[in-house]
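I have placed the structure first, in the form of structure tokens, so that the comments after it can refer back to it.
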4 protein chains.
Amino acid sequence: MEINGVEIEDNFAEAFSIKVSRLLITAATRKFAKIAATEATGFGSSVIGCPSEAGIDSYVPPTETPDGRPGYTIMICHPQKKELENQIMERIGQCVLTAPTAAVFDAMDADAEKSKLGHKLKFFGDGYEKKMEVAGRTVYSIPIMSGEFVVEETVGFKKGVAGGNFFIMAENQTSALVAADVAVSAISSVEGVITPFPGGIVASGSKVGSKKYKFMHATTNENFCPSLRDECPACEIPTGVNGIFEIVIDGLDEDAIKEAMKAGINAAVKVPGVKKICAGNYGGSLGKCHIQLHELF
Amino acid sequence: MEINGVEIEDNFAEAFSIKVSRLLITAATRKFAKIAATEATGFGSSVIGCPSEAGIDSYVPPTETPDGRPGYTIMICHPQKKELENQIMERIGQCVLTAPTAAVFDAMDADAEKSKLGHKLKFFGDGYEKKMEVAGRTVYSIPIMSGEFVVEETVGFKKGVAGGNFFIMAENQTSALVAADVAVSAISSVEGVITPFPGGIVASGSKVGSKKYKFMHATTNENFCPSLRDECPACEIPTGVNGIFEIVIDGLDEDAIKEAMKAGINAAVKVPGVKKICAGNYGGSLGKCHIQLHELF
Amino acid sequence: MEINGVEIEDNFAEAFSIKVSRLLITAATRKFAKIAATEATGFGSSVIGCPSEAGIDSYVPPTETPDGRPGYTIMICHPQKKELENQIMERIGQCVLTAPTAAVFDAMDADAEKSKLGHKLKFFGDGYEKKMEVAGRTVYSIPIMSGEFVVEETVGFKKGVAGGNFFIMAENQTSALVAADVAVSAISSVEGVITPFPGGIVASGSKVGSKKYKFMHATTNENFCPSLRDECPACEIPTGVNGIFEIVIDGLDEDAIKEAMKAGINAAVKVPGVKKICAGNYGGSLGKCHIQLHELF
Amino acid sequence: MEINGVEIEDNFAEAFSIKVSRLLITAATRKFAKIAATEATGFGSSVIGCPSEAGIDSYVPPTETPDGRPGYTIMICHPQKKELENQIMERIGQCVLTAPTAAVFDAMDADAEKSKLGHKLKFFGDGYEKKMEVAGRTVYSIPIMSGEFVVEETVGFKKGVAGGNFFIMAENQTSALVAADVAVSAISSVEGVITPFPGGIVASGSKVGSKKYKFMHATTNENFCPSLRDECPACEIPTGVNGIFEIVIDGLDEDAIKEAMKAGINAAVKVPGVKKICAGNYGGSLGKCHIQLHELF
């Protein structure tokens with residue numbers, strides 16, 4: 001299968017279950033909404049070494065937010081419910097309660113499980129907090145030195161999907177980079193997904209374990225490293241490919257992941273120098289969600 | 001004392017010792033250097049609830065970096081040496097090793113204590129890593145699927161200063177916000193400091209403990225909340241002030257903090273509506289570094 | 001009438017007919033699409049002194065563009081058809097044909113009058129240009145040193161509306177500024193309109209003619225200048241207002257202008273310190289389009 | 001000659017005399033300073049079809065500006081003194097006087113020729129303007145509805161250099177694009193120069209006249225078009241090169257142009273896929289300023 005002359009591998013992405021929360025952060029201006037959302041979702045590329053996976057989902061214009069101010073939806077993800085709730089509390093309490101003019105609302109489906117974010121953060125108000133309604137939602141207004149901090153009483157989370165992915169192979173690193181960048185741009189217009197790695201892009205794929213350093217749980221996947229082509233007889237990189245980036249996607253459900261993968265791949269294949277799109281899996285035994293590239297189109 | 005008609009309180013900021021590391025992150029383009037630096041320093045506003053304090057210090061043009069590419073210096077700070085080293089390792093390993101085209105160099109004084117960042121990260125190379133020199137620095141080049149990841153063998157850290165601060169009081173929230181924003185802009189041109197809170201700004205000052213909720217370690221400082229003026233007889237907010245933001249600064253040393261405070265205050269007082277600049281302290285008994293506002297000018 | 005406690009004046013904005021073209025500029029990445037759109041619409045605040053009015057309308061994600069790449073729609077406006085066509089030609093020929101990876105498509109209704117943009121620009125190809133189809137549109141592909149420049153054969157223009165407006169009055173300049181900024185953010189999500197002034201905001205309102213300098217066609221409107229309140233007995237500024245900014249809107253039709261005014265005003269009144277929204281007119285005798293503020297809500 | 005494995009052609013860039021003005025635009029925040037500077041320098045890529053060449057030179061932090069606010073220096077260039085003065089007047093009058101919180105100062109050497117910008121713009125004040133001093137400079141303060149507009153009485157201009165240039169040839173368009181982008185980043189840290197084309201980059205080189213369309217003054221340079229390699233026996237593109245971008249630089253003098261070319265080339269050769277750097281000239285007979293690439297290093 002080819003799109004725009006680029007080969008689409010006949011393979012599947014293997015994705016996993018994860019607990020996902022989705023919140024809306026608004027602020028006085030779009031800039032400050034983005035600042036709060038960015039700080040709250042940083043150091044959140046992978047639960048392997050970060051306290052959670054996190055990222056910005058979508059911009060929401062003031063005409064569509066509960067308080068009529070510009071906002072961004074964010075997602076925070078963790079395999080364990082308890083740790084997810086802890087992360088919601090810490091990331092919002094440290095990075096949004098403190099952020100200038102920010103407010104926090106639930107941005108999950110009505111029937112999702114609820115975490116008592118506002119209920120807990122209200123204690124910061126030391127009795128001066130007030131329970132009130134904003135656009136039909138129950139929120140707490142906590143007096144702070146810059147004004148008030150508004151936070152919804154509960155925010156939702158549910159079982160979502162982590163690790164949707166595809167790989168962009170190009171004739172050099174630069175083409176792969178620009179293709180990955182524009183793929184992330186395209187994905188950012190899809191609601192219900194984040195690309196948690198830096199700029200949405202993974203530069204360093206890994207294999208499980210190590211051949212040489214037995215204490216390492218994961219090391220570079222030498223068969224996917226263009227610079228090791230001559231040293232690795234099992235090299236899996238097609239001739240003419242010298243740069244590879246991966247896009248990793250977490251989402252509310254499989255449909256959102258699929259829509260994101262489709263949008264991202266369609267954008268990537270437009271970039272000169274892109275040769276092949278493939279997908280990452282572990283043989284299918286680890287993750288229950290298998291997304292066939294060819295079925296996306 | 002007044003500057004541009006704005007009162008400067010005769011008071012001091014009380015700052016603390018902290019362990020500070022400083023690293024340079026470069027990438028193929030300025031955008032991707034900033035993306036890596038931003039991801040690596042997110043969720044890093046305060047060690048009260050974040051795993052460390054972290055932020056971007058300065059942009060470094062390609063003419064001044066070891067590898068001739070654009071870069072940003074970042075600082076990661078923690079009171080405990082062991083935890084600082086752990087945070088350097090996690091934040092760089094998760095958020096920069098994975099970031100497209102990124103490389104990491106030491107950006108600390110030559111005589112600082114050293115953390116073996118590259119020495120440890122090299123194991124990701126599974127034996128394919130190579131020790132080499134870039135501009136006289138010992139680095140490891142680790143093959144990855146997008147090319148190579150270059151990281152300096154050791155990065156420096158030393159005893160620095162956390163919690164340099166000043167407060168901007170204005171006739172409304174908006175004036176205080178814009179003044180805080182331009183103060184952070186001014187501080188961003190000072191080398192050797194970060195403003196770790198979201199956008200460099202703190203919206204919610206706190207007092208130690210709680211009057212009502214005994215399980216809380218810190219709660220809103222009601223005497224500094226404009227909306228509680230009528231409820232709090234001990235209110236410390238001058239008449240005509242309705243919005244307050246704080247700037248918090250971490251730095252390599254006291255001189256850097258002072259230069260940053262001076263630059264920030266001088267910029268803030270230019271904004272229409274700003275009424276007063278003051279400083280935060282705990283009576284002087286907790287932090288050893290006392291910075292008198294009046295001595296800055 | 002009040003919204004969020006802010007007075008909405010019972011008055012109308014007086015707008016004018018103007019010829020409006022709308023084009024879509026795509027590029028390899030969102031950044032380069034924006035760069036081309038920004039350069040092509042610069043020096044375009046007002047036809048009083050600029051060669052045309054111009055601005056960016058909306059971002060269009062790659063899933064919705066003819067060539068599957070990210071893009072921005074722009075509008076170029078001029079009262080005279082001939083000069084409008086000249087400006088389309090010059091702005092696209094100088095600022096988009098030269099812009100990296102850019103392409104240009106028509107973004108106007110199918111029944112609009114047509115300007116032969118691509119038909120004329122194709123001569124730059126010196127015979128090497130090729131007529132082809134992209135997503136059902138007739139375009140020319142012109143070989144250039146970076147690849148090819150794709151431009152649609154014709155682009156549409158029609159009679160639109162210029163000078164939709166409202167004024168934001170606030171207790172200080174800073175509140176008015178932030179309110180204007182967030183109003184422009186809100187308007188940017190409305191399709192079919194631009195805010196041609198710098199950042200979408202007008203800082204300096206004028207009156208026709210001059211009292212003192214007879215050679216001047218327009219001078220500052222002293223009755224709208226907060227700093228001249230004491231010198232001008234006819235001052236029209238309410239007590240407590242010390243900063244005023246105007247938002248000026250050009251659009252495809254009156255409905256788009258109205259939607260933009262409504263979105264902008266609703267966002268502006270959320271900003272602390274905003275006191276009143278009013279509208280600008282010349283008594284109603286100059287422009288045929290009268291938009292009553294109270295009828296927007 | 002090679003740098004980082006990239007061939008540097010033994011050739012020279014041919015540059016021209018042009019009249020250059022340099023102004024500093026400050027504003028309440030860095031964002032609004034950039035907005036005013038961007039609007040004032042748009043539609044300014046080349047005097048062939050734009051009313052002047054214009055661009056942003058450098059960011060100036062608040063600690064270094066006359067009014068203690070953040071700013072950007074811009075340059076406006078035109079071959080004719082009279083038209084340059086007209087363009088300064090129109091671009092500042094339409095795009096900076098109208099821009100929120102903006103002010104304008106001279107940013108040229110003290111001994112440069114002077115244009116009476118503030119002297120003329122003051123008439124907008126209709127007698128309410130005031131002559132005053134800011135940091136030792138004579139300025140006019142003109143009351144406007146958002147506050148005041150401050151503009152220096154005179155701004156300098158002098159004979160500068162236009163058309164400094166180099167070409168980046170890469171194995172595909174994407175590599176050339178990223179290399180051009182990072183070259184422009186590097187040049188932006190050099191004071192006294194602008195890169196007037198969109199994003200600093202030229203996508204479409206031209207030859208004088210036309211082979212086929214005699215009414216055209218300039219058409220695509222087919223011998224520099226990768227897609228025409230097989231059709232043009234005189235093709236000048238090296239084997240393996242498939243994308244070419246040019247960087248064009250205007251500057252205060254030859255030294256600034258040289259420093260910019262050196263910084264830009266050094267940055268471009270770091271990008272994977274770049275094959276060759278060359279320079280553009282007309283045989284040396286048109287422009288008096290010949291800059292040999294090999295003498296830069």
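Lettering and numbering for the structure tokens are positional, with chains as A, B, ... in the shown order, residues counted from 1 in each chain, and ligands counted from 1 in the shown order.
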Pull out every residue of chain A that has at least one atom within 7 Å of chain B, counting only C-alpha atoms, and report them as an MDAnalysis selection string. chainID A and resid 35:36 39:43 45 49:50 90:91 94:95 97:100 123:127 143:147 173 198:199 201:205 210:213 219:220 224:227 243:245
Write out, as a tab-separated table (two decimals), in the first residue's frame, the residues just selected, with N, CA and C atoms.
chain	number	residue	atom	x	y	z
A	35	ILE	N	0.42	28.42	28.99
A	35	ILE	CA	1.51	28.32	29.97
A	35	ILE	C	1.15	27.35	31.09
A	36	ALA	N	-0.05	27.49	31.63
A	36	ALA	CA	-0.47	26.61	32.72
A	36	ALA	C	-0.56	25.17	32.23
A	39	GLU	N	3.06	23.75	31.73
A	39	GLU	CA	3.75	23.42	32.99
A	39	GLU	C	3.15	22.17	33.63
A	40	ALA	N	1.83	22.06	33.57
A	40	ALA	CA	1.15	20.93	34.23
A	40	ALA	C	1.39	19.60	33.54
A	41	THR	N	1.79	19.65	32.29
A	41	THR	CA	1.97	18.41	31.53
A	41	THR	C	3.42	18.11	31.20
A	42	GLY	N	4.34	18.92	31.72
A	42	GLY	CA	5.76	18.68	31.46
A	42	GLY	C	6.27	17.47	32.24
A	43	PHE	N	7.50	17.07	31.92
A	43	PHE	CA	8.10	15.89	32.55
A	43	PHE	C	7.07	14.78	32.57
A	45	SER	N	6.60	12.35	29.56
A	45	SER	CA	6.69	11.69	28.26
A	45	SER	C	6.31	10.21	28.36
A	49	GLY	N	9.80	6.50	33.19
A	49	GLY	CA	10.64	7.29	34.08
A	49	GLY	C	10.01	8.58	34.57
A	50	CYS	N	8.88	8.95	34.01
A	50	CYS	CA	8.19	10.17	34.44
A	50	CYS	C	7.07	9.78	35.41
A	90	GLU	N	-1.34	16.56	42.24
A	90	GLU	CA	-0.04	17.25	42.31
A	90	GLU	C	0.16	18.21	41.14
A	91	ARG	N	-0.16	17.75	39.94
A	91	ARG	CA	0.09	18.59	38.77
A	91	ARG	C	-0.83	19.82	38.77
A	94	GLN	N	0.18	22.07	42.01
A	94	GLN	CA	1.47	22.75	41.92
A	94	GLN	C	1.59	23.66	40.70
A	95	CYS	N	0.95	23.29	39.61
A	95	CYS	CA	1.21	23.96	38.33
A	95	CYS	C	0.02	24.73	37.78
A	97	LEU	N	-3.01	25.72	40.13
A	97	LEU	CA	-3.40	26.61	41.24
A	97	LEU	C	-2.43	27.79	41.34
A	98	THR	N	-1.17	27.54	41.04
A	98	THR	CA	-0.16	28.60	41.13
A	98	THR	C	-0.07	29.45	39.86
A	99	ALA	N	-0.73	29.03	38.79
A	99	ALA	CA	-0.56	29.70	37.50
A	99	ALA	C	-1.47	30.93	37.39
A	100	PRO	N	-0.96	32.01	36.82
A	100	PRO	CA	-1.74	33.25	36.80
A	100	PRO	C	-3.08	33.11	36.08
A	123	PHE	N	-9.40	22.81	50.35
A	123	PHE	CA	-8.85	23.00	51.70
A	123	PHE	C	-7.75	24.07	51.70
A	124	PHE	N	-7.16	24.32	50.53
A	124	PHE	CA	-6.18	25.41	50.44
A	124	PHE	C	-6.85	26.74	50.81
A	125	GLY	N	-8.16	26.81	50.65
A	125	GLY	CA	-8.89	28.05	50.95
A	125	GLY	C	-9.03	28.34	52.43
A	126	ASP	N	-8.69	27.36	53.27
A	126	ASP	CA	-8.70	27.54	54.73
A	126	ASP	C	-10.03	28.09	55.25
A	127	GLY	N	-11.11	27.65	54.64
A	127	GLY	CA	-12.42	28.07	55.11
A	127	GLY	C	-12.99	29.27	54.36
A	143	PRO	N	-10.12	31.97	47.36
A	143	PRO	CA	-9.47	33.27	47.30
A	143	PRO	C	-7.94	33.12	47.30
A	144	ILE	N	-7.29	33.79	46.39
A	144	ILE	CA	-5.82	33.82	46.36
A	144	ILE	C	-5.37	35.26	46.16
A	145	MET	N	-4.06	35.50	46.26
A	145	MET	CA	-3.61	36.88	46.29
A	145	MET	C	-3.83	37.61	44.95
A	146	SER	N	-3.94	36.84	43.87
A	146	SER	CA	-4.17	37.47	42.57
A	146	SER	C	-5.66	37.54	42.22
A	147	GLY	N	-6.50	36.98	43.07
A	147	GLY	CA	-7.95	37.02	42.79
A	147	GLY	C	-8.62	35.79	43.36
A	173	GLN	N	17.64	12.42	8.35
A	173	GLN	CA	17.06	12.77	9.65
A	173	GLN	C	16.14	13.98	9.53
A	198	PRO	N	8.42	14.78	23.79
A	198	PRO	CA	8.78	16.18	23.53
A	198	PRO	C	8.44	16.61	22.09
A	199	GLY	N	7.59	17.61	21.98
A	199	GLY	CA	7.15	18.02	20.66
A	199	GLY	C	6.30	16.96	19.99
A	201	ILE	N	7.19	13.85	19.60
A	201	ILE	CA	8.08	13.01	18.77
A	201	ILE	C	9.02	12.19	19.64
A	202	VAL	N	9.23	10.94	19.25
A	202	VAL	CA	10.21	10.09	19.94
A	202	VAL	C	11.43	9.93	19.05
A	203	ALA	N	12.58	10.25	19.59
A	203	ALA	CA	13.82	10.18	18.81
A	203	ALA	C	14.57	8.88	19.00
A	204	SER	N	14.28	8.21	20.12
A	204	SER	CA	15.14	7.08	20.51
A	204	SER	C	14.29	5.87	20.85
A	205	GLY	N	14.08	5.02	19.87
A	205	GLY	CA	13.35	3.79	20.13
A	205	GLY	C	14.21	2.82	20.93
A	210	SER	N	18.97	-5.72	27.44
A	210	SER	CA	20.26	-5.32	26.89
A	210	SER	C	21.07	-6.55	26.57
A	211	LYS	N	21.87	-6.47	25.54
A	211	LYS	CA	22.77	-7.57	25.25
A	211	LYS	C	24.03	-7.49	26.12
A	212	LYS	N	24.47	-6.27	26.39
A	212	LYS	CA	25.76	-6.10	27.05
A	212	LYS	C	25.65	-5.74	28.53
A	213	TYR	N	24.67	-4.87	28.86
A	213	TYR	CA	24.57	-4.38	30.23
A	213	TYR	C	23.33	-5.00	30.88
A	219	THR	N	17.29	-0.72	26.22
A	219	THR	CA	18.44	-0.08	25.57
A	219	THR	C	18.10	0.20	24.11
A	220	THR	N	18.99	0.93	23.45
A	220	THR	CA	18.73	1.32	22.06
A	220	THR	C	18.49	0.08	21.20
A	224	PHE	N	17.40	-0.77	14.50
A	224	PHE	CA	16.63	0.37	14.00
A	224	PHE	C	17.47	1.64	13.97
A	225	CYS	N	18.79	1.49	14.11
A	225	CYS	CA	19.69	2.65	14.13
A	225	CYS	C	20.42	2.78	12.79
A	226	PRO	N	20.13	3.80	12.01
A	226	PRO	CA	20.78	3.94	10.70
A	226	PRO	C	22.31	3.91	10.78
A	227	SER	N	22.87	4.48	11.84
A	227	SER	CA	24.33	4.55	11.90
A	227	SER	C	24.96	3.20	12.20
A	243	GLY	N	16.97	8.22	8.56
A	243	GLY	CA	16.46	8.89	9.75
A	243	GLY	C	15.08	8.37	10.08
A	244	ILE	N	14.82	8.09	11.35
A	244	ILE	CA	13.53	7.52	11.77
A	244	ILE	C	13.06	8.25	13.03
A	245	PHE	N	11.82	8.69	13.03
A	245	PHE	CA	11.19	9.19	14.26
A	245	PHE	C	9.88	8.44	14.46
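When DSSP is run on the backbone, the residues of segment 176-219 of chain D that fall into strand (DSSP E) are Val193, Ile194, Ile201, Val202, Ser206, Lys207, Val208, Ala218 and Thr219 of chain D.
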When DSSP is applied to the backbone of this structure, which of segment 48-245 of chain B are assigned helix (DSSP H, G or I)? Write them out as a PyMOL selection string. chain B and resi 62-64+81-95+117-125+173-187+198-200+222-224+226-228
7 Å contact set for segment 156-159 of chain D, only C-alpha atoms, chain neighbours under 5 positions out, as number ranges by chain: D: 17-22, 106, 108, 112-115
Could you jot down the atom CA of Thr195 of chain B to atom CA of Asn281 of chain B separation for me, Å, one decimal place? 17.5 Å
For segment 153-155 of chain A, please output as a list in words all residues within 7 Å (counting only C-alpha atoms; exclusion window: fewer than 5 positions along the same chain). Leu23, Asp106, Lys114, Ser115, Lys116, Leu117, Gly118, His119, Thr138, Val139 and Tyr140 of chain A
I'd like the interatomic distance between atom CA of Thr26 of chain A and atom CA of Asp67 of chain A, to a tenth of an Å.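 Rounded to one decimal, the two atoms are 7.9 Å apart.
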Would you work out the distance separating atom CA of Val178 of chain C from atom CA of Val274 of chain C, expressed in Å to one decimal?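 That distance, rounded to one decimal, is 9.5 Å.
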Which neighbours of segment 293-296 of chain A fall inside 9 Å, counting only C-alpha atoms, when residues of the same chain fewer than 6 positions from it are skipped, and could you give them as an MDAnalysis selection string? chainID A and resid 1 8:13 166 258:259 261:262 277:279
Next, dump the selected residues to file, keeping only N, CA and C atoms, as an mmCIF file, in the first residue's frame.
data_model
loop_
_atom_site.group_PDB
_atom_site.id
_atom_site.type_symbol
_atom_site.label_atom_id
_atom_site.label_comp_id
_atom_site.auth_asym_id
_atom_site.auth_seq_id
_atom_site.Cartn_x
_atom_site.Cartn_y
_atom_site.Cartn_z
ATOM 1 N N MET A 1 0.847 -1.194 0.000
ATOM 2 C CA MET A 1 0.000 0.000 0.000
ATOM 3 C C MET A 1 0.886 1.249 0.000
ATOM 4 N N ILE A 8 3.233 2.203 2.942
ATOM 5 C CA ILE A 8 2.637 1.990 4.266
ATOM 6 C C ILE A 8 2.776 0.513 4.588
ATOM 7 N N GLU A 9 3.543 0.212 5.595
ATOM 8 C CA GLU A 9 3.804 -1.178 5.962
ATOM 9 C C GLU A 9 2.504 -1.899 6.324
ATOM 10 N N ASP A 10 2.425 -3.183 5.976
ATOM 11 C CA ASP A 10 1.267 -3.992 6.363
ATOM 12 C C ASP A 10 1.535 -4.564 7.752
ATOM 13 N N ASN A 11 1.231 -3.763 8.757
ATOM 14 C CA ASN A 11 1.594 -4.128 10.126
ATOM 15 C C ASN A 11 0.648 -3.403 11.082
ATOM 16 N N PHE A 12 0.772 -3.702 12.357
ATOM 17 C CA PHE A 12 -0.131 -3.069 13.312
ATOM 18 C C PHE A 12 0.631 -2.411 14.467
ATOM 19 N N ALA A 13 0.026 -1.369 15.007
ATOM 20 C CA ALA A 13 0.523 -0.752 16.233
ATOM 21 C C ALA A 13 -0.130 -1.454 17.410
ATOM 22 N N PHE A 166 3.175 5.255 15.246
ATOM 23 C CA PHE A 166 3.701 4.923 13.923
ATOM 24 C C PHE A 166 5.092 5.506 13.783
ATOM 25 N N LYS A 258 -7.079 5.991 16.360
ATOM 26 C CA LYS A 258 -7.089 5.713 14.912
ATOM 27 C C LYS A 258 -7.192 6.993 14.096
ATOM 28 N N GLU A 259 -8.077 7.882 14.526
ATOM 29 C CA GLU A 259 -8.227 9.140 13.789
ATOM 30 C C GLU A 259 -6.915 9.934 13.816
ATOM 31 N N MET A 261 -3.837 8.674 14.206
ATOM 32 C CA MET A 261 -2.832 7.997 13.377
ATOM 33 C C MET A 261 -3.063 8.309 11.901
ATOM 34 N N LYS A 262 -4.324 8.271 11.504
ATOM 35 C CA LYS A 262 -4.642 8.554 10.101
ATOM 36 C C LYS A 262 -4.251 9.992 9.728
ATOM 37 N N ILE A 277 6.187 4.354 6.097
ATOM 38 C CA ILE A 277 5.536 4.459 7.404
ATOM 39 C C ILE A 277 5.376 3.045 7.942
ATOM 40 N N CYS A 278 5.800 2.821 9.170
ATOM 41 C CA CYS A 278 5.538 1.510 9.753
ATOM 42 C C CYS A 278 4.997 1.675 11.171
ATOM 43 N N ALA A 279 4.751 0.562 11.845
ATOM 44 C CA ALA A 279 4.120 0.606 13.161
ATOM 45 C C ALA A 279 4.902 -0.287 14.109
#
